[in-house]
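K.L.:
Here it is: the structure, laid out below.
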Number of protein chains: 2
Amino acid sequence: MATRDDLEVKILKLLNAGGGQGLISGGDLSAHLGISRTAVWKHIRALRALGFLIEAIPSRGYRLKKGRKDPFNEVSILSAMGTDLIGRRVYFYDSVPSTNTRAFELGRTGEPEGAVVIADSQTMGKGRLGRSWISPPGVNLYTSVILRPDILPQNAHNLTFLSAVAVAEAVSGFCRKRPTLKWPNDVLIAGRKVSGILLELASEADKVNFVVAGIGVNINTRPGHLPPEIRDTAASIMDSSGSPVSRLRFAVNLYSKIEKWYKIYLRHGFPPVLQAWKGFFDMEGRTVSVHTIGRTIQGRCMGVDSDGSLLVKTASGPVQRIISGDMSGHR
Amino acid sequence: MATRDDLEVKILKLLNAGGGQGLISGGDLSAHLGISRTAVWKHIRALRALGFLIEAIPSRGYRLKKGRKDPFNEVSILSAMGTDLIGRRVYFYDSVPSTNTRAFELGRTGEPEGAVVIADSQTMGKGRLGRSWISPPGVNLYTSVILRPDILPQNAHNLTFLSAVAVAEAVSGFCRKRPTLKWPNDVLIAGRKVSGILLELASEADKVNFVVAGIGVNINTRPGHLPPEIRDTAASIMDSSGSPVSRLRFAVNLYSKIEKWYKIYLRHGFPPVLQAWKGFFDMEGRTVSVHTIGRTIQGRCMGVDSDGSLLVKTASGPVQRIISGDMSGHR
């Protein structure tokens with residue numbers, strides 16, 4: 001049986017498709033969905049409560065009006081999604097401690113791959129290596145995707161690069177400037193961070209159980225949303241686009257990029273992903289510092305290895321292969 | 001403030017240490033613990049309810065009597081434990097779906113390393129690669145240990161070998177025959193499995209968050225406890241020792257072995273662990289079959305590599321390096 005939400009998603013899709021002048025009659029909706037016209041009316045009311053502007057024109061039907069801002073919720077996302085794997089299940093929350101934590105719980109209890117968790121805000125948003133991720137409500141995207149690739153744990157890092165490529169491509173579509181990637185997975189615009197990715201995984205020693213790709217994207221953050229200490233290093237898509245960007249459009253675009261690259265990865269492995277990643281990486285040849293556990297390596301960035309390790313040639317000679325760390329670059 | 005359980009653990013330790021003739025007076029207990037003699041008496045009653053045989057001899061004191069069977073619960077385990085890291089926190093359950101699942105939840109919510117989960121029985125005991133682990137009550141050990149080593153995910157497999165060595169050494173102390181190890185981590189006696197290990201981990205792409213080492217040991221299982229399909233391949237320690245083995249003594253011994261090897265590992269890395277593991281591995285030179293994802297490799301076992309990978313020389317020539325799989329051997 002269809003759930004309430006399913007029906008609302010269907011009504012929204014029908015309204016989006018529309019008829020002449022974007023109108024669809026209550027009778028047509030009722031026939032399409034196999035529910036009474038009274039039930040149609042109840043669902044229209046529920047959709048309005050979710051922020052959708054739906055006109056009811058007597059004896060002609062219903063019409064969806066474009067508002068100043070797209071509603072951003074489970075129903076709007078599901079009705080706009082064009083993917084068949086990523087986002088086939090959407091868990092939307094007004095607020096969670098962390099979308100990664102929620103997705104991890106879902107992963108542990110058997111949630112199939114492709115499920116996504118989205119939150120309007122996070123109270124304990126997580127960044128890499130135990131850091132926090134500033135997650136104000138109403139402006140940005142905080143999402144975590146559950147994947148279950150049949151890979152060894154040591155290859156899970158591949159998905160960090162995959163996520164970075166998907167985010168960079170999605171960001172590209174909304175910005176005047178081309179984004180760049182900082183190894184391994186920060187997405188920058190004009191040198192400032194607009195997105196961070198936190199990949200977490202649950203595995204046996206020799207088998208990945210599931211991966212949670214957590215993605216935070218600053219979409220419409222204004223400097224005032226950010227604490228002073230990151231105002232100089234963080235940016236949002238709006239800073240580059242000049243006007244507010246629809247979170248709905250961005251999210252739907254991002255999921256389609258993730259799906260595209262995940263399918264490429266499953267079929268062709270890591271090389272095409274890494275090649276695309278390199279197309280966004282502009283630090284080769286530059287002087288970089290990399291902070292790793294217990295030490296800092298300085299030298300000339302020689303690019304990345306076939307497994308994604310960073311290659312740095314130090315002044316004293318040898319090329320260091322760095323699996324894990326934080327890099328900063330100098331022009 | 002001391003919790004009820006803490007006090008009972010302390011009373012039990014004092015009774016174990018005993019005085020002349022194993023007696024300790026209520027007054028001494030009261031003075032040691034800083035509680036009233038009435039409170040002492042209440043705790044003695046609680047300990048009796050937990051299965052401890054405690055005599056109260058009028059005007060002389062209390063004495064702990066050795067029963068036919070050691071009580072197996074949180075208090076008996078804590079009072080017998082001689083470790084300082086492993087088991088400093090004990091979560092004991094009569095029944096859980098899976099000790100690994102419970103330990104994983106604890107790990108996700110920040111439980112420090114060294115905590116152990118123990119269950120008298122499991123309703124959904126887990127084995128490697130999605131298999132189940134038969135977990136009847138009252139006879140065996142089902143335990144999961146939380147560790148937080150600062151290692152890369154690709155090195156987590158080291159802890160599989162570490163756990164196997166600890167279990168093999170613990171089993172050695174209770175059996176007439178020396179146990180052997182099947183790669184990577186089954187503990188066998190006379191070719192039959194007495195213990196299995198399921199290592200699970202939560203990590204970022206380049207950093208282990210925590211590891212759960214799940215260990216199931218058939219201690220006093222009789223063939224009747226086991227489903228027919230595994231009666232020919234499974235065994236218990238009792239089969240080899242000839243008489244029932246105290247689960248308490250076995251568990252305490254196992255935790256001390258895990259602690260010993262974990263400290264060696266943190267200080268000296270994987271080589272000494274692997275060397276000890278090889279001391280229990282008797283399949284080198286034998287013909288083996290290894291089932292890996294999608295294929296079966298047959299050949300002569302050439303031992304294991306420095307990272308624990310299995311080396312198998314096939315008839316057609318090359319030595320295969322196998323990271324993950326299930327092996328079976330032929331004499």
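Identifiers in this document derive from the order of the structure tokens: chains are assigned A, B, ..., residues are numbered from 1 separately in each chain, and ligands are numbered from 1 in order of occurrence.
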Counting only C-alpha atoms, what are the residues of chain A within 12 Å of chain B, and for each of them which pair of atoms is the nearest and at what distance in Å, to one decimal? Sort the table by chain and rising number, as CSV.
P.N.:
residue,atom,partner,partner_atom,distance
A:Asn100,CA,B:Glu204,CA,11.2
A:Thr101,CA,B:Arg108,CA,8.3
A:Arg102,CA,B:Arg108,CA,11.0
A:Phe104,CA,B:Arg108,CA,9.1
A:Glu105,CA,B:Glu105,CA,8.6
A:Gly107,CA,B:Ala202,CA,11.6
A:Arg108,CA,B:Thr101,CA,8.3
A:Thr109,CA,B:Thr101,CA,9.7
A:Gly110,CA,B:Gly130,CA,11.8
A:Lys126,CA,B:Glu204,CA,11.5
A:Gly127,CA,B:Glu204,CA,10.4
A:Arg128,CA,B:Glu204,CA,7.8
A:Leu129,CA,B:Lys207,CA,7.8
A:Gly130,CA,B:Asn209,CA,9.6
A:Asp150,CA,B:Ile293,CA,9.3
A:Ile151,CA,B:Ile293,CA,10.1
A:Leu152,CA,B:Ser324,CA,8.6
A:Pro153,CA,B:Gln154,CA,6.3
A:Gln154,CA,B:Gln154,CA,4.8
A:Asn155,CA,B:Ala205,CA,8.5
A:Ala156,CA,B:Ala205,CA,6.0
A:His157,CA,B:Ala205,CA,4.9
A:Asn158,CA,B:Ala205,CA,8.6
A:Leu159,CA,B:Ala205,CA,8.4
A:Thr160,CA,B:Ala205,CA,7.2
A:Phe161,CA,B:Ala205,CA,10.3
A:Pro184,CA,B:Ala205,CA,10.4
A:Asn185,CA,B:Ala205,CA,11.1
A:Ile197,CA,B:Glu204,CA,10.5
A:Leu198,CA,B:Glu204,CA,7.2
A:Leu199,CA,B:Glu204,CA,5.5
A:Glu200,CA,B:Glu204,CA,4.3
A:Leu201,CA,B:Ser203,CA,5.3
A:Ala202,CA,B:Ala202,CA,4.6
A:Ser203,CA,B:Leu201,CA,5.3
A:Glu204,CA,B:Glu200,CA,4.3
A:Ala205,CA,B:His157,CA,4.9
A:Asp206,CA,B:Ser324,CA,5.6
A:Lys207,CA,B:Ser324,CA,7.8
A:Val208,CA,B:Leu201,CA,9.4
A:Asn209,CA,B:Glu200,CA,9.0
A:Phe210,CA,B:Ala202,CA,9.9
A:Val211,CA,B:Ala205,CA,9.3
A:Val212,CA,B:Glu204,CA,9.4
A:Ala213,CA,B:Glu204,CA,9.8
A:Gly214,CA,B:Glu204,CA,10.6
A:Thr292,CA,B:Asp206,CA,10.9
A:Ile293,CA,B:Asp150,CA,9.4
A:Gly294,CA,B:Asp150,CA,11.5
A:Gly308,CA,B:Asp206,CA,11.4
A:Ser309,CA,B:Asp206,CA,10.6
A:Ile322,CA,B:Asp206,CA,10.6
A:Ile323,CA,B:Asp206,CA,7.1
A:Ser324,CA,B:Asp206,CA,5.6
A:Gly325,CA,B:Asp206,CA,8.5
A:Asp326,CA,B:Asp206,CA,11.3
K.L.:
Excluding Asp282 in chain B and any residue of its chain fewer than 2 positions from it, enumerate the residues within 9 Å of it, using only C-alpha atoms, and give them as a PyMOL selection string.
P.N.:
chain B and resi 180-182+278-280+284-286
K.L.:
Export all heavy atoms of the chosen residues as a short mmCIF file (atom, residue, chain, number, x, y, z; two decimals), in the first residue's frame?
P.N.:
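What ended up in again_4.cif:
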data_model
loop_
_atom_site.label_atom_id
_atom_site.label_comp_id
_atom_site.auth_asym_id
_atom_site.auth_seq_id
_atom_site.Cartn_x
_atom_site.Cartn_y
_atom_site.Cartn_z
N THR B 180 45.70 -25.56 16.96
CA THR B 180 46.32 -25.01 15.76
C THR B 180 45.43 -23.91 15.21
O THR B 180 44.26 -23.79 15.60
CB THR B 180 46.50 -26.09 14.66
OG1 THR B 180 45.22 -26.61 14.32
CG2 THR B 180 47.40 -27.21 15.15
N LEU B 181 46.01 -23.12 14.32
CA LEU B 181 45.24 -22.04 13.70
C LEU B 181 45.05 -22.32 12.23
O LEU B 181 45.98 -22.75 11.54
CB LEU B 181 45.98 -20.70 13.87
CG LEU B 181 45.91 -20.10 15.27
CD1 LEU B 181 46.89 -18.94 15.41
CD2 LEU B 181 44.49 -19.62 15.55
N LYS B 182 43.85 -22.07 11.78
CA LYS B 182 43.57 -22.10 10.35
C LYS B 182 43.53 -20.65 9.89
O LYS B 182 42.92 -19.82 10.58
CB LYS B 182 42.21 -22.78 10.12
CG LYS B 182 41.95 -23.17 8.69
CD LYS B 182 40.62 -23.89 8.54
CE LYS B 182 39.50 -22.88 8.36
NZ LYS B 182 38.22 -23.50 7.96
N LYS B 278 52.37 -17.80 13.58
CA LYS B 278 52.96 -18.88 12.78
C LYS B 278 53.26 -20.12 13.62
O LYS B 278 53.25 -21.24 13.12
CB LYS B 278 54.24 -18.39 12.09
CG LYS B 278 53.97 -17.46 10.91
CD LYS B 278 55.29 -16.93 10.33
CE LYS B 278 55.02 -16.04 9.11
NZ LYS B 278 56.27 -15.35 8.68
N GLY B 279 53.54 -19.89 14.91
CA GLY B 279 53.81 -21.01 15.80
C GLY B 279 52.61 -21.95 15.98
O GLY B 279 52.76 -23.09 16.40
N PHE B 280 51.42 -21.45 15.66
CA PHE B 280 50.20 -22.27 15.77
C PHE B 280 49.69 -22.71 14.40
O PHE B 280 48.66 -23.37 14.31
CB PHE B 280 49.08 -21.48 16.47
CG PHE B 280 49.30 -21.27 17.94
CD1 PHE B 280 49.75 -20.04 18.42
CD2 PHE B 280 49.03 -22.28 18.85
CE1 PHE B 280 49.93 -19.84 19.77
CE2 PHE B 280 49.21 -22.09 20.21
CZ PHE B 280 49.67 -20.86 20.68
N GLU B 284 51.47 -25.01 6.43
CA GLU B 284 52.50 -24.71 5.44
C GLU B 284 52.97 -26.03 4.81
O GLU B 284 53.20 -27.02 5.51
CB GLU B 284 53.66 -23.98 6.11
CG GLU B 284 54.54 -23.28 5.10
CD GLU B 284 55.49 -22.26 5.72
OE1 GLU B 284 55.15 -21.66 6.76
OE2 GLU B 284 56.58 -22.07 5.14
N GLY B 285 53.06 -26.03 3.50
CA GLY B 285 53.50 -27.22 2.78
C GLY B 285 52.35 -28.14 2.41
O GLY B 285 52.52 -29.04 1.60
N ARG B 286 51.19 -27.91 3.01
CA ARG B 286 50.07 -28.78 2.71
C ARG B 286 49.28 -28.28 1.50
O ARG B 286 49.36 -27.12 1.12
CB ARG B 286 49.15 -28.89 3.93
CG ARG B 286 49.71 -29.83 4.99
CD ARG B 286 49.04 -29.68 6.33
NE ARG B 286 47.62 -29.89 6.26
CZ ARG B 286 46.80 -29.70 7.29
NH1 ARG B 286 47.29 -29.32 8.47
NH2 ARG B 286 45.52 -29.90 7.17
#
K.L.:
Smallest atom-to-atom distance to Gly196 in chain B: which of B:Ile86, B:Ala170, B:Ser163, B:Tyr262, using only C-alpha atoms?
P.N.:
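Between B:Ile86, B:Ala170, B:Ser163, B:Tyr262, the residue approaching Gly196 in chain B most closely is B:Ser163.
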K.L.:
Could you list, as a compact mmCIF listing (two decimals) with C-alpha atoms, in the first residue's frame, every residue within 10 Å of Thr99 in chain B, counting only C-alpha atoms and ignoring same-chain residues fewer than 3 positions away?
P.N.:
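out01.txt, written as the output of this step:
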# COMPACT_ATOMS: atom_id res chain seq x y z
CA TYR B 91 29.14 -5.23 30.04
CA PHE B 92 27.59 -8.58 30.92
CA TYR B 93 24.26 -9.70 29.49
CA SER B 95 21.27 -12.61 26.26
CA VAL B 96 21.96 -10.21 23.43
CA ARG B 102 26.36 -4.34 21.24
CA ALA B 103 30.08 -3.51 21.35
CA PHE B 104 29.78 -1.66 18.05
CA GLU B 105 27.01 0.51 19.50
CA VAL B 116 34.37 -5.92 26.92
CA VAL B 117 30.89 -7.19 26.21
CA ILE B 118 30.05 -10.69 27.38
CA ALA B 119 26.81 -12.57 26.95
CA ASP B 120 25.67 -15.87 28.36
CA SER B 121 23.89 -16.47 25.07
CA GLN B 122 23.37 -14.78 21.72
CA THR B 123 20.16 -14.91 19.72
CA MET B 124 21.82 -13.74 16.51
CA GLY B 125 25.47 -14.61 17.00
CA LYS B 126 27.55 -13.57 14.01
CA TYR B 142 30.78 -15.02 23.61
CA THR B 143 32.69 -11.81 24.02
CA SER B 144 33.63 -8.68 22.13
CA VAL B 145 36.49 -6.36 22.99
CA VAL B 212 35.54 -4.74 17.82
CA ALA B 213 37.19 -8.13 18.21
CA GLY B 214 34.39 -10.63 18.61
CA ILE B 215 35.41 -14.00 19.96
CA GLY B 216 33.28 -17.09 20.33
K.L.:
Taking the DSSP secondary structure from the backbone, can you list the residues of range 57-282 of chain B that are strand (DSSP E), as a PyMOL selection string?
P.N.:
chain B and resi 57+61-65+90-96+116-122+141-147+180-182+186-189+192-204+207-217
K.L.:
Would you please extract all alpha helix (DSSP H) residues from range 244-301 of chain B, as assigned by DSSP on the backbone, and give them as a PyMOL selection string?
P.N.:
chain B and resi 247-268+270-278
K.L.:
Export N, CA, C and O atoms of the chosen residues as a tab-separated table (two decimals), in the first residue's frame?
P.N.:
chain	number	residue	atom	x	y	z
B	247	ARG	N	34.13	-21.29	32.80
B	247	ARG	CA	34.09	-20.19	31.84
B	247	ARG	C	34.77	-18.96	32.42
B	247	ARG	O	35.41	-18.19	31.71
B	248	LEU	N	34.60	-18.79	33.73
B	248	LEU	CA	35.23	-17.64	34.39
B	248	LEU	C	36.74	-17.70	34.24
B	248	LEU	O	37.37	-16.72	33.82
B	249	ARG	N	37.32	-18.84	34.58
B	249	ARG	CA	38.78	-18.96	34.49
B	249	ARG	C	39.25	-18.78	33.05
B	249	ARG	O	40.25	-18.13	32.78
B	250	PHE	N	38.50	-19.36	32.12
B	250	PHE	CA	38.91	-19.23	30.72
B	250	PHE	C	38.85	-17.76	30.28
B	250	PHE	O	39.78	-17.24	29.66
B	251	ALA	N	37.76	-17.10	30.61
B	251	ALA	CA	37.58	-15.72	30.15
B	251	ALA	C	38.67	-14.82	30.71
B	251	ALA	O	39.28	-14.02	29.99
B	252	VAL	N	38.94	-14.95	32.00
B	252	VAL	CA	39.94	-14.10	32.64
B	252	VAL	C	41.31	-14.35	32.01
B	252	VAL	O	42.09	-13.43	31.76
B	253	ASN	N	41.60	-15.60	31.73
B	253	ASN	CA	42.85	-15.96	31.08
B	253	ASN	C	42.93	-15.35	29.67
B	253	ASN	O	43.96	-14.78	29.28
B	254	LEU	N	41.83	-15.44	28.95
B	254	LEU	CA	41.82	-14.90	27.59
B	254	LEU	C	42.06	-13.39	27.60
B	254	LEU	O	42.86	-12.88	26.81
B	255	TYR	N	41.39	-12.67	28.50
B	255	TYR	CA	41.58	-11.22	28.52
B	255	TYR	C	43.02	-10.86	28.84
B	255	TYR	O	43.56	-9.89	28.31
B	256	SER	N	43.66	-11.63	29.70
B	256	SER	CA	45.05	-11.30	30.02
B	256	SER	C	45.96	-11.58	28.81
B	256	SER	O	46.93	-10.85	28.58
B	257	LYS	N	45.64	-12.59	28.01
B	257	LYS	CA	46.42	-12.85	26.79
B	257	LYS	C	46.20	-11.72	25.76
B	257	LYS	O	47.13	-11.30	25.08
B	258	ILE	N	44.96	-11.30	25.65
B	258	ILE	CA	44.69	-10.21	24.70
B	258	ILE	C	45.46	-8.97	25.13
B	258	ILE	O	46.10	-8.28	24.32
B	259	GLU	N	45.42	-8.68	26.42
B	259	GLU	CA	46.13	-7.50	26.91
B	259	GLU	C	47.63	-7.60	26.64
B	259	GLU	O	48.26	-6.65	26.17
B	260	LYS	N	48.19	-8.77	26.92
B	260	LYS	CA	49.62	-8.96	26.68
B	260	LYS	C	49.96	-8.69	25.21
B	260	LYS	O	50.87	-7.91	24.91
B	261	TRP	N	49.22	-9.32	24.30
B	261	TRP	CA	49.56	-9.19	22.88
B	261	TRP	C	49.25	-7.81	22.34
B	261	TRP	O	49.94	-7.30	21.46
B	262	TYR	N	48.22	-7.17	22.87
B	262	TYR	CA	47.89	-5.82	22.42
B	262	TYR	C	49.00	-4.85	22.80
B	262	TYR	O	49.40	-3.99	22.02
B	263	LYS	N	49.52	-5.01	24.00
B	263	LYS	CA	50.63	-4.14	24.42
B	263	LYS	C	51.88	-4.39	23.58
B	263	LYS	O	52.60	-3.46	23.22
B	264	ILE	N	52.14	-5.65	23.28
B	264	ILE	CA	53.28	-5.97	22.40
B	264	ILE	C	53.07	-5.32	21.03
B	264	ILE	O	53.97	-4.70	20.46
B	265	TYR	N	51.86	-5.42	20.52
B	265	TYR	CA	51.55	-4.86	19.20
B	265	TYR	C	51.73	-3.35	19.18
B	265	TYR	O	52.32	-2.79	18.25
B	266	LEU	N	51.22	-2.68	20.20
B	266	LEU	CA	51.33	-1.21	20.23
B	266	LEU	C	52.79	-0.79	20.30
B	266	LEU	O	53.19	0.23	19.75
B	267	ARG	N	53.61	-1.59	20.98
B	267	ARG	CA	55.00	-1.22	21.14
B	267	ARG	C	55.88	-1.66	19.97
B	267	ARG	O	56.74	-0.92	19.52
B	268	HIS	N	55.66	-2.88	19.49
B	268	HIS	CA	56.59	-3.45	18.50
B	268	HIS	C	55.96	-3.71	17.13
B	268	HIS	O	56.64	-4.20	16.23
B	270	PHE	N	53.44	-5.39	14.16
B	270	PHE	CA	52.86	-6.67	13.78
B	270	PHE	C	53.83	-7.85	13.80
B	270	PHE	O	53.41	-8.99	14.08
B	271	PRO	N	55.15	-7.65	13.52
B	271	PRO	CA	56.03	-8.84	13.38
B	271	PRO	C	55.98	-9.84	14.53
B	271	PRO	O	55.84	-11.04	14.28
B	272	PRO	N	56.10	-9.42	15.81
B	272	PRO	CA	56.06	-10.45	16.86
B	272	PRO	C	54.71	-11.18	16.95
B	272	PRO	O	54.67	-12.36	17.29
B	273	VAL	N	53.64	-10.47	16.62
B	273	VAL	CA	52.31	-11.10	16.62
B	273	VAL	C	52.26	-12.18	15.55
B	273	VAL	O	51.83	-13.31	15.80
B	274	LEU	N	52.73	-11.82	14.36
B	274	LEU	CA	52.69	-12.77	13.25
B	274	LEU	C	53.58	-13.98	13.53
B	274	LEU	O	53.23	-15.12	13.21
B	275	GLN	N	54.71	-13.72	14.17
B	275	GLN	CA	55.62	-14.82	14.50
B	275	GLN	C	54.93	-15.80	15.46
B	275	GLN	O	55.00	-17.02	15.27
B	276	ALA	N	54.26	-15.27	16.45
B	276	ALA	CA	53.54	-16.13	17.39
B	276	ALA	C	52.42	-16.89	16.67
B	276	ALA	O	52.18	-18.08	16.93
B	277	TRP	N	51.76	-16.18	15.76
B	277	TRP	CA	50.67	-16.80	15.00
B	277	TRP	C	51.21	-18.00	14.20
B	277	TRP	O	50.59	-19.07	14.17
B	278	LYS	N	52.37	-17.80	13.58
B	278	LYS	CA	52.96	-18.88	12.78
B	278	LYS	C	53.26	-20.12	13.62
B	278	LYS	O	53.25	-21.24	13.12
